[in-house]
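Colleague: This is the structure, below, for whatever I ask next.
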Amino acid sequence: MATSSANVDLDGNPIRPLTICMIGAGGFIGSHLCEKLMVETQHTVLAVDVYNDKIKHLLEPDSLPWANRIQFHRLNIKNDSRLEGLIKCSDLTVNLAAICTPADYNTRPLDTIYSNFIDALPVVKYCSENNKRLIHFSTCEVYGKTIGSFLPQDSPLRQDPAYYILKEDTSPCIFGSIEKQRWSYACAKQLIERLIYAEGAENGLEFTIVRPFNWIGPRMDFIPGIDGPSEGVPRVLACFSNNLLRREPLKLVDGGESQRTFVYIKDAIEAVHLMIENPARANGHIFNVGNPNNEVTVRQLAEMMTKVYAKVSGEDSIENPTIDVSSKEFYGEGYDDSDKRIPDMAIINKQLGWDPKTSLWDLLESTLTYQHRTYAEAIRQSIAKPVAS
Ligand SMILES: NC(=O)c1ccc[n+]([C@@H]2O[C@H](COP(=O)([O-])OP(=O)(O)OC[C@H]3O[C@@H](n4cnc5c(N)ncnc54)[C@H](O)[C@@H]3O)[C@@H](O)[C@H]2O)c1
Ligand SMILES: O=c1ccn([C@@H]2O[C@H](COP(=O)(O)OP(=O)(O)O[C@H]3OC[C@](O)(CO)[C@H]3O)[C@@H](O)[C@H]2O)c(=O)[nH]1
């Protein structure tokens, strides 16, 4: 895998220290990107978010070696006039802010559309008007369903990669009908991608669009009832972690037949680091960032996580480790799903020489070790606590 050295880019040019306005810096991806930039580079981060719990370890104490290179700005980009000033005094803006948990797409469709489209508009506008570079986080979900999913079940064409590999410049974007509000998120992300592209074409905005394919690792989402709402539904890694920590069966939505490719957050962050430090190679591009070698069905993911968790916790798994639930029961009316997501890697490989390296087993082993260490005792105590009458 290509890595950028501390001082020169992939073409041997010196890398000057940048000021980066990172919006959504307090989230899962933001926390890992801040960590990378603090520990391995000389860049400065203006970290914008409404929360900072996941980056507290980078903000305090004042004696940290990077203390003068990171500032936290608690603000909501929906309604805060400070945003333009922060973008203006930065060299680059990285926009990660979004509602991006599937349980919200069909239950809070308005918030989802506003968050992923309307709230991103000023960010794009301020970057364009002030000639500032933008790295915007979209999603693999803009591809929607694969062409192959519309073929008859027994069609041999379903095995042909041409019908399922997702390519940035040629694959169509196939969403379900309007009442399947699951796709409101993907549609909002697609429209903001189109707007950014148009700003590049008409007004010369220097942009890079990132399409993450299921990045997973420590600090992803929350564990319901411990550091998030008891009834909350996070993404699958946290749902299954929660079930394993509580010794409950893992819930397989609609049989767990959907397929995903999972990439380790630390591999994926390396790709973003390369984009930041190689603007000449990254500007004007849309990049898939995922690991095509780590494909599993959700059922296989549940089985592997059960085995890995038994290994890292030293506890035997329960007798019936999985249970089937319908998507209507789990997510409510209007849910739908992506059938299969395999990223084509040609563009990122050619432009940045990036390839993921961590296997699914290895990334689950380090992530579930973290989950066990971070949450097992808190869960034990919450279960032991008598319920108030
Ligand atoms: N994690 C993945 O695998 C994945 C996959 C596809 C796309 N993405 C995209 O990557 C981006 C980051 O994802 P993540 O997994 O880190 O999600 P996350 O929810 O952990 O992080 C998003 C952060 O944005 C902040 N935010 C949201 N609205 C805000 C607002 N109005 N003002 C200020 N801050 C706000 C949230 O507080 C949160 O900390 C999102 O745009 C998401 O759509 C992620
Ligand atoms: O307890 C559970 C939770 C989920 N599933 C199923 O797992 C699949 C993956 O679900 P999840 O990780 O929550 O999200 P998606 O992959 O569907 O979508 C995300 O992908 C990228 C992003 O844009 C941002 O992260 C987001 O939209 C899915 O099939 C669920 O039904 C389960 O069986 N049990």
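Please note that chains go A, B, ... in the order of the structure tokens, that every chain numbers its residues from 1, and that ligands are numbered from 1 in the order shown.
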Can you check which parts of chain A lie within 9 Å of ligand 2? Per residue, the shortest pair of atoms and distance in Å to one decimal, counting only C-alpha atoms and all ligand atoms, sorted by chain and number, as CSV.
Modeller:
residue,atom,partner,partner_atom_place_in_ligand_line,distance
A:Ile99,CA,ligand 2,24 (C),8.6
A:Cys100,CA,ligand 2,24 (C),4.9
A:Thr101,CA,ligand 2,26 (C),5.6
A:Pro102,CA,ligand 2,27 (O),5.1
A:Ala103,CA,ligand 2,13 (O),7.4
A:Tyr105,CA,ligand 2,27 (O),8.3
A:Ser138,CA,ligand 2,23 (O),7.7
A:Thr139,CA,ligand 2,23 (O),4.9
A:Cys140,CA,ligand 2,21 (C),6.3
A:Glu141,CA,ligand 2,23 (O),5.5
A:Val142,CA,ligand 2,23 (O),8.4
A:Arg182,CA,ligand 2,27 (O),8.7
A:Tyr185,CA,ligand 2,27 (O),7.4
A:Ala186,CA,ligand 2,23 (O),7.5
A:Arg211,CA,ligand 2,23 (O),8.6
A:Pro212,CA,ligand 2,21 (C),6.8
A:Phe213,CA,ligand 2,21 (C),6.1
A:Asn214,CA,ligand 2,21 (C),5.2
A:Trp215,CA,ligand 2,25 (O),7.3
A:Ile216,CA,ligand 2,25 (O),8.8
A:Val233,CA,ligand 2,3 (C),7.7
A:Pro234,CA,ligand 2,13 (O),6.4
A:Arg235,CA,ligand 2,13 (O),3.3
A:Val236,CA,ligand 2,12 (O),3.9
A:Leu237,CA,ligand 2,12 (O),6.3
A:Ala238,CA,ligand 2,1 (O),8.1
A:Cys239,CA,ligand 2,1 (O),4.7
A:Phe240,CA,ligand 2,1 (O),5.8
A:Asn243,CA,ligand 2,1 (O),8.3
A:Leu250,CA,ligand 2,1 (O),6.4
A:Lys251,CA,ligand 2,34 (N),4.9
A:Leu252,CA,ligand 2,33 (O),3.8
A:Val253,CA,ligand 2,33 (O),3.8
A:Asp254,CA,ligand 2,33 (O),7.1
A:Gly255,CA,ligand 2,33 (O),7.4
A:Gly256,CA,ligand 2,33 (O),5.0
A:Glu257,CA,ligand 2,29 (O),7.4
A:Ser258,CA,ligand 2,29 (O),5.1
A:Gln259,CA,ligand 2,29 (O),7.2
A:Arg260,CA,ligand 2,16 (O),6.7
A:Thr261,CA,ligand 2,16 (O),9.0
A:Thr297,CA,ligand 2,29 (O),8.5
A:Val298,CA,ligand 2,7 (O),5.5
A:Arg299,CA,ligand 2,33 (O),7.3
A:Leu301,CA,ligand 2,7 (O),8.9
A:Ala302,CA,ligand 2,33 (O),8.3
A:Asp324,CA,ligand 2,33 (O),8.3
A:Val325,CA,ligand 2,33 (O),8.1
A:Ser327,CA,ligand 2,31 (O),6.8
A:Phe330,CA,ligand 2,1 (O),8.0
A:Tyr331,CA,ligand 2,31 (O),8.3
A:Tyr335,CA,ligand 2,31 (O),8.7
A:Asp336,CA,ligand 2,31 (O),8.2
A:Asp337,CA,ligand 2,29 (O),6.0
A:Ser338,CA,ligand 2,17 (O),6.5
A:Asp339,CA,ligand 2,29 (O),7.6
A:Arg341,CA,ligand 2,16 (O),8.8
Colleague: Please find the residues contacting ligand 1 at a distance of at most 8 Å between atoms, with only C-alpha atoms and all ligand atoms counted, and report them as an mmCIF file with N, CA, C and O atoms, in the first residue's frame.
Modeller:
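Output saved as selection.cif:
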data_model
loop_
_atom_site.group_PDB
_atom_site.id
_atom_site.type_symbol
_atom_site.label_atom_id
_atom_site.label_comp_id
_atom_site.auth_asym_id
_atom_site.auth_seq_id
_atom_site.Cartn_x
_atom_site.Cartn_y
_atom_site.Cartn_z
ATOM 1 N N ILE A 23 -15.646 19.211 9.699
ATOM 2 C CA ILE A 23 -17.019 19.299 10.201
ATOM 3 C C ILE A 23 -17.530 17.868 10.441
ATOM 4 O O ILE A 23 -17.450 17.020 9.536
ATOM 5 N N GLY A 24 -18.027 17.623 11.668
ATOM 6 C CA GLY A 24 -18.401 16.242 12.029
ATOM 7 C C GLY A 24 -17.198 15.511 12.619
ATOM 8 O O GLY A 24 -17.146 14.280 12.640
ATOM 9 N N ALA A 25 -16.229 16.309 13.132
ATOM 10 C CA ALA A 25 -14.978 15.745 13.669
ATOM 11 C C ALA A 25 -15.203 14.898 14.919
ATOM 12 O O ALA A 25 -14.366 14.080 15.285
ATOM 13 N N GLY A 26 -16.356 15.101 15.589
ATOM 14 C CA GLY A 26 -16.610 14.361 16.828
ATOM 15 C C GLY A 26 -17.252 13.008 16.597
ATOM 16 O O GLY A 26 -17.557 12.293 17.560
ATOM 17 N N GLY A 27 -17.454 12.618 15.345
ATOM 18 C CA GLY A 27 -18.091 11.326 15.070
ATOM 19 C C GLY A 27 -17.078 10.200 14.934
ATOM 20 O O GLY A 27 -15.883 10.374 15.249
ATOM 21 N N PHE A 28 -17.570 9.059 14.450
ATOM 22 C CA PHE A 28 -16.729 7.861 14.327
ATOM 23 C C PHE A 28 -15.534 8.112 13.397
ATOM 24 O O PHE A 28 -14.369 8.014 13.820
ATOM 25 N N ILE A 29 -15.805 8.481 12.143
ATOM 26 C CA ILE A 29 -14.705 8.679 11.185
ATOM 27 C C ILE A 29 -13.866 9.891 11.604
ATOM 28 O O ILE A 29 -12.628 9.846 11.590
ATOM 29 N N GLY A 30 -14.543 10.968 12.009
ATOM 30 C CA GLY A 30 -13.836 12.188 12.401
ATOM 31 C C GLY A 30 -12.840 11.938 13.517
ATOM 32 O O GLY A 30 -11.716 12.456 13.494
ATOM 33 N N SER A 31 -13.235 11.128 14.492
ATOM 34 C CA SER A 31 -12.335 10.898 15.633
ATOM 35 C C SER A 31 -11.060 10.180 15.183
ATOM 36 O O SER A 31 -9.958 10.492 15.650
ATOM 37 N N VAL A 48 -15.100 20.781 14.197
ATOM 38 C CA VAL A 48 -16.455 21.315 14.360
ATOM 39 C C VAL A 48 -17.423 20.161 14.597
ATOM 40 O O VAL A 48 -17.443 19.195 13.826
ATOM 41 N N ASP A 49 -18.220 20.255 15.654
ATOM 42 C CA ASP A 49 -19.254 19.235 15.902
ATOM 43 C C ASP A 49 -20.144 19.739 17.038
ATOM 44 O O ASP A 49 -19.791 20.704 17.729
ATOM 45 N N VAL A 50 -21.270 19.057 17.233
ATOM 46 C CA VAL A 50 -22.074 19.370 18.415
ATOM 47 C C VAL A 50 -21.619 18.527 19.615
ATOM 48 O O VAL A 50 -21.960 18.833 20.749
ATOM 49 N N TYR A 51 -20.883 17.463 19.361
ATOM 50 C CA TYR A 51 -20.365 16.603 20.446
ATOM 51 C C TYR A 51 -18.850 16.482 20.342
ATOM 52 O O TYR A 51 -18.306 16.571 19.244
ATOM 53 N N ASN A 52 -18.191 16.205 21.478
ATOM 54 C CA ASN A 52 -16.746 15.941 21.388
ATOM 55 C C ASN A 52 -16.282 14.742 22.226
ATOM 56 O O ASN A 52 -15.090 14.539 22.405
ATOM 57 N N ARG A 74 -17.719 23.950 19.218
ATOM 58 C CA ARG A 74 -19.026 23.305 19.363
ATOM 59 C C ARG A 74 -20.062 24.139 18.622
ATOM 60 O O ARG A 74 -20.470 25.195 19.087
ATOM 61 N N LEU A 75 -20.427 23.682 17.442
ATOM 62 C CA LEU A 75 -21.474 24.420 16.730
ATOM 63 C C LEU A 75 -22.266 23.500 15.818
ATOM 64 O O LEU A 75 -21.770 22.475 15.347
ATOM 65 N N ASN A 76 -23.548 23.926 15.622
ATOM 66 C CA ASN A 76 -24.447 23.189 14.746
ATOM 67 C C ASN A 76 -24.435 23.901 13.394
ATOM 68 O O ASN A 76 -24.794 25.075 13.318
ATOM 69 N N ILE A 77 -24.010 23.219 12.352
ATOM 70 C CA ILE A 77 -23.834 23.906 11.062
ATOM 71 C C ILE A 77 -25.167 24.350 10.451
ATOM 72 O O ILE A 77 -25.179 25.117 9.504
ATOM 73 N N LYS A 78 -26.282 23.874 11.010
ATOM 74 C CA LYS A 78 -27.598 24.309 10.523
ATOM 75 C C LYS A 78 -27.799 25.805 10.689
ATOM 76 O O LYS A 78 -28.481 26.435 9.913
ATOM 77 N N ASN A 95 -15.945 17.620 5.085
ATOM 78 C CA ASN A 95 -17.306 17.596 5.641
ATOM 79 C C ASN A 95 -17.790 16.160 5.861
ATOM 80 O O ASN A 95 -18.049 15.426 4.909
ATOM 81 N N LEU A 96 -17.910 15.824 7.156
ATOM 82 C CA LEU A 96 -18.377 14.483 7.562
ATOM 83 C C LEU A 96 -19.777 14.542 8.175
ATOM 84 O O LEU A 96 -20.393 13.498 8.422
ATOM 85 N N ALA A 97 -20.275 15.745 8.456
ATOM 86 C CA ALA A 97 -21.522 15.861 9.231
ATOM 87 C C ALA A 97 -22.700 15.266 8.474
ATOM 88 O O ALA A 97 -22.904 15.557 7.299
ATOM 89 N N ALA A 98 -23.467 14.444 9.157
ATOM 90 C CA ALA A 98 -24.635 13.827 8.520
ATOM 91 C C ALA A 98 -25.402 12.996 9.534
ATOM 92 O O ALA A 98 -24.838 12.548 10.538
ATOM 93 N N ILE A 99 -26.693 12.810 9.252
ATOM 94 C CA ILE A 99 -27.435 11.712 9.891
ATOM 95 C C ILE A 99 -27.170 10.525 8.982
ATOM 96 O O ILE A 99 -27.477 10.570 7.786
ATOM 97 N N CYS A 100 -26.572 9.456 9.513
ATOM 98 C CA CYS A 100 -26.161 8.360 8.628
ATOM 99 C C CYS A 100 -26.374 6.974 9.241
ATOM 100 O O CYS A 100 -25.637 6.040 8.939
ATOM 101 N N THR A 101 -27.413 6.847 10.100
ATOM 102 C CA THR A 101 -27.771 5.514 10.607
ATOM 103 C C THR A 101 -29.091 5.088 9.969
ATOM 104 O O THR A 101 -30.088 5.822 10.044
ATOM 105 N N SER A 115 -30.337 17.033 6.758
ATOM 106 C CA SER A 115 -28.960 16.858 7.205
ATOM 107 C C SER A 115 -28.010 16.561 6.042
ATOM 108 O O SER A 115 -26.911 17.116 5.977
ATOM 109 N N ASN A 116 -28.453 15.707 5.132
ATOM 110 C CA ASN A 116 -27.530 15.246 4.083
ATOM 111 C C ASN A 116 -27.506 16.127 2.842
ATOM 112 O O ASN A 116 -26.575 16.042 2.048
ATOM 113 N N ASP A 119 -28.295 21.011 4.812
ATOM 114 C CA ASP A 119 -27.264 21.504 5.741
ATOM 115 C C ASP A 119 -25.873 21.520 5.109
ATOM 116 O O ASP A 119 -24.976 22.237 5.581
ATOM 117 N N HIS A 136 -15.659 16.014 0.540
ATOM 118 C CA HIS A 136 -17.006 15.777 1.051
ATOM 119 C C HIS A 136 -17.283 14.277 1.160
ATOM 120 O O HIS A 136 -17.024 13.527 0.219
ATOM 121 N N PHE A 137 -17.864 13.889 2.315
ATOM 122 C CA PHE A 137 -18.206 12.479 2.528
ATOM 123 C C PHE A 137 -19.601 12.167 2.035
ATOM 124 O O PHE A 137 -20.591 12.662 2.560
ATOM 125 N N SER A 138 -19.648 11.321 0.998
ATOM 126 C CA SER A 138 -20.916 10.809 0.477
ATOM 127 C C SER A 138 -21.073 9.394 1.018
ATOM 128 O O SER A 138 -20.726 9.123 2.177
ATOM 129 N N THR A 139 -21.548 8.465 0.210
ATOM 130 C CA THR A 139 -21.740 7.085 0.676
ATOM 131 C C THR A 139 -21.803 6.111 -0.501
ATOM 132 O O THR A 139 -22.215 6.485 -1.608
ATOM 133 N N CYS A 140 -21.462 4.855 -0.219
ATOM 134 C CA CYS A 140 -21.621 3.783 -1.210
ATOM 135 C C CYS A 140 -23.099 3.565 -1.531
ATOM 136 O O CYS A 140 -23.452 2.991 -2.555
ATOM 137 N N GLU A 141 -23.961 4.055 -0.626
ATOM 138 C CA GLU A 141 -25.390 3.833 -0.813
ATOM 139 C C GLU A 141 -25.943 4.582 -2.023
ATOM 140 O O GLU A 141 -27.063 4.319 -2.451
ATOM 141 N N LYS A 189 -27.739 12.357 -0.611
ATOM 142 C CA LYS A 189 -26.284 12.291 -0.825
ATOM 143 C C LYS A 189 -25.970 12.410 -2.315
ATOM 144 O O LYS A 189 -24.999 13.043 -2.709
ATOM 145 N N ARG A 211 -16.749 7.962 -1.178
ATOM 146 C CA ARG A 211 -17.878 7.040 -0.994
ATOM 147 C C ARG A 211 -17.422 5.879 -0.103
ATOM 148 O O ARG A 211 -16.841 4.896 -0.599
ATOM 149 N N PRO A 212 -17.645 5.988 1.216
ATOM 150 C CA PRO A 212 -17.212 4.894 2.113
ATOM 151 C C PRO A 212 -18.094 3.659 1.961
ATOM 152 O O PRO A 212 -19.310 3.769 1.847
ATOM 153 N N PHE A 213 -17.447 2.505 1.941
ATOM 154 C CA PHE A 213 -18.148 1.211 1.929
ATOM 155 C C PHE A 213 -17.987 0.575 3.308
ATOM 156 O O PHE A 213 -16.967 -0.042 3.597
ATOM 157 N N ASN A 214 -18.945 0.746 4.188
ATOM 158 C CA ASN A 214 -18.991 0.122 5.514
ATOM 159 C C ASN A 214 -17.633 0.098 6.222
ATOM 160 O O ASN A 214 -17.020 -0.966 6.387
ATOM 161 N N TRP A 215 -17.175 1.273 6.654
ATOM 162 C CA TRP A 215 -15.961 1.397 7.470
ATOM 163 C C TRP A 215 -16.361 1.012 8.894
ATOM 164 O O TRP A 215 -17.360 1.517 9.424
ATOM 165 N N ILE A 216 -15.601 0.143 9.512
ATOM 166 C CA ILE A 216 -15.952 -0.237 10.888
ATOM 167 C C ILE A 216 -14.713 -0.287 11.785
ATOM 168 O O ILE A 216 -13.594 -0.457 11.308
ATOM 169 N N MET A 220 -17.385 3.223 16.862
ATOM 170 C CA MET A 220 -18.480 3.363 15.902
ATOM 171 C C MET A 220 -19.808 3.409 16.649
ATOM 172 O O MET A 220 -20.155 2.500 17.401
ATOM 173 N N ASP A 221 -20.560 4.473 16.460
ATOM 174 C CA ASP A 221 -21.900 4.650 17.027
ATOM 175 C C ASP A 221 -21.883 4.539 18.555
ATOM 176 O O ASP A 221 -21.024 5.109 19.204
#
Colleague: Between CA of Asp267 in chain A and CA of Lys350 in chain A, what distance in Å does the model show, to one decimal?
Modeller: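 That distance, rounded to one decimal, is 16.9 Å.
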Colleague: Quick one: distance from CA of His57 in chain A to CA of Thr367 in chain A in Å, one decimal?
Modeller: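 One can read the CA of His57 in chain A to CA of Thr367 in chain A distance as 18.2 Å.
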Colleague: Residues of range 22-244 of chain A classed as strand (DSSP E or B) by DSSP on the backbone are to be reported as a PyMOL selection string.
Modeller: chain A and resi 22-23+44-49+70-74+92-95+133-137+144+165-166+174+207-212+215-216+224+228
Colleague: What residues in range 27-101 of chain A get the DSSP label alpha helix (DSSP H)? Please answer as a list in words.
Modeller: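 Those in range 27-101 of chain A that DSSP calls alpha helix (DSSP H) are Phe28, Ile29, Gly30, Ser31, His32, Leu33, Cys34, Glu35, Lys36, Leu37, Met38, Val39, Glu40, Lys56, His57, Leu58, Leu59, Arg82, Leu83, Glu84, Gly85, Leu86, Ile87 and Lys88 of chain A.
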Colleague: Output as a tab-separated table one row per residue of range 131-230 of chain A within 12 Å of range 371-380 of chain A: the closest atom pair and its distance in Å to one decimal place, counting only C-alpha atoms, sorted by chain and residue number ascending.
Modeller:
residue	atom	partner	partner_atom	distance
A:Gly217	CA	A:Gln371	CA	9.4
A:Pro218	CA	A:Gln371	CA	7.1
A:Arg219	CA	A:Gln371	CA	8.5
A:Met220	CA	A:Gln371	CA	9.9
A:Asp221	CA	A:Gln371	CA	11.5
A:Phe222	CA	A:Tyr375	CA	10.2
A:Ile223	CA	A:Tyr375	CA	8.1
A:Pro224	CA	A:Ile379	CA	10.0
A:Gly225	CA	A:Ile379	CA	8.6
A:Ile226	CA	A:Ala378	CA	7.1
A:Asp227	CA	A:Tyr375	CA	9.3
A:Ser230	CA	A:Ile379	CA	11.9
Colleague: Nearest to Asp362 in chain A among A:Met275, A:Val263, A:Ala346, A:Ala67, with distances taken over only C-alpha atoms: which residue is it?
Modeller: A:Val263
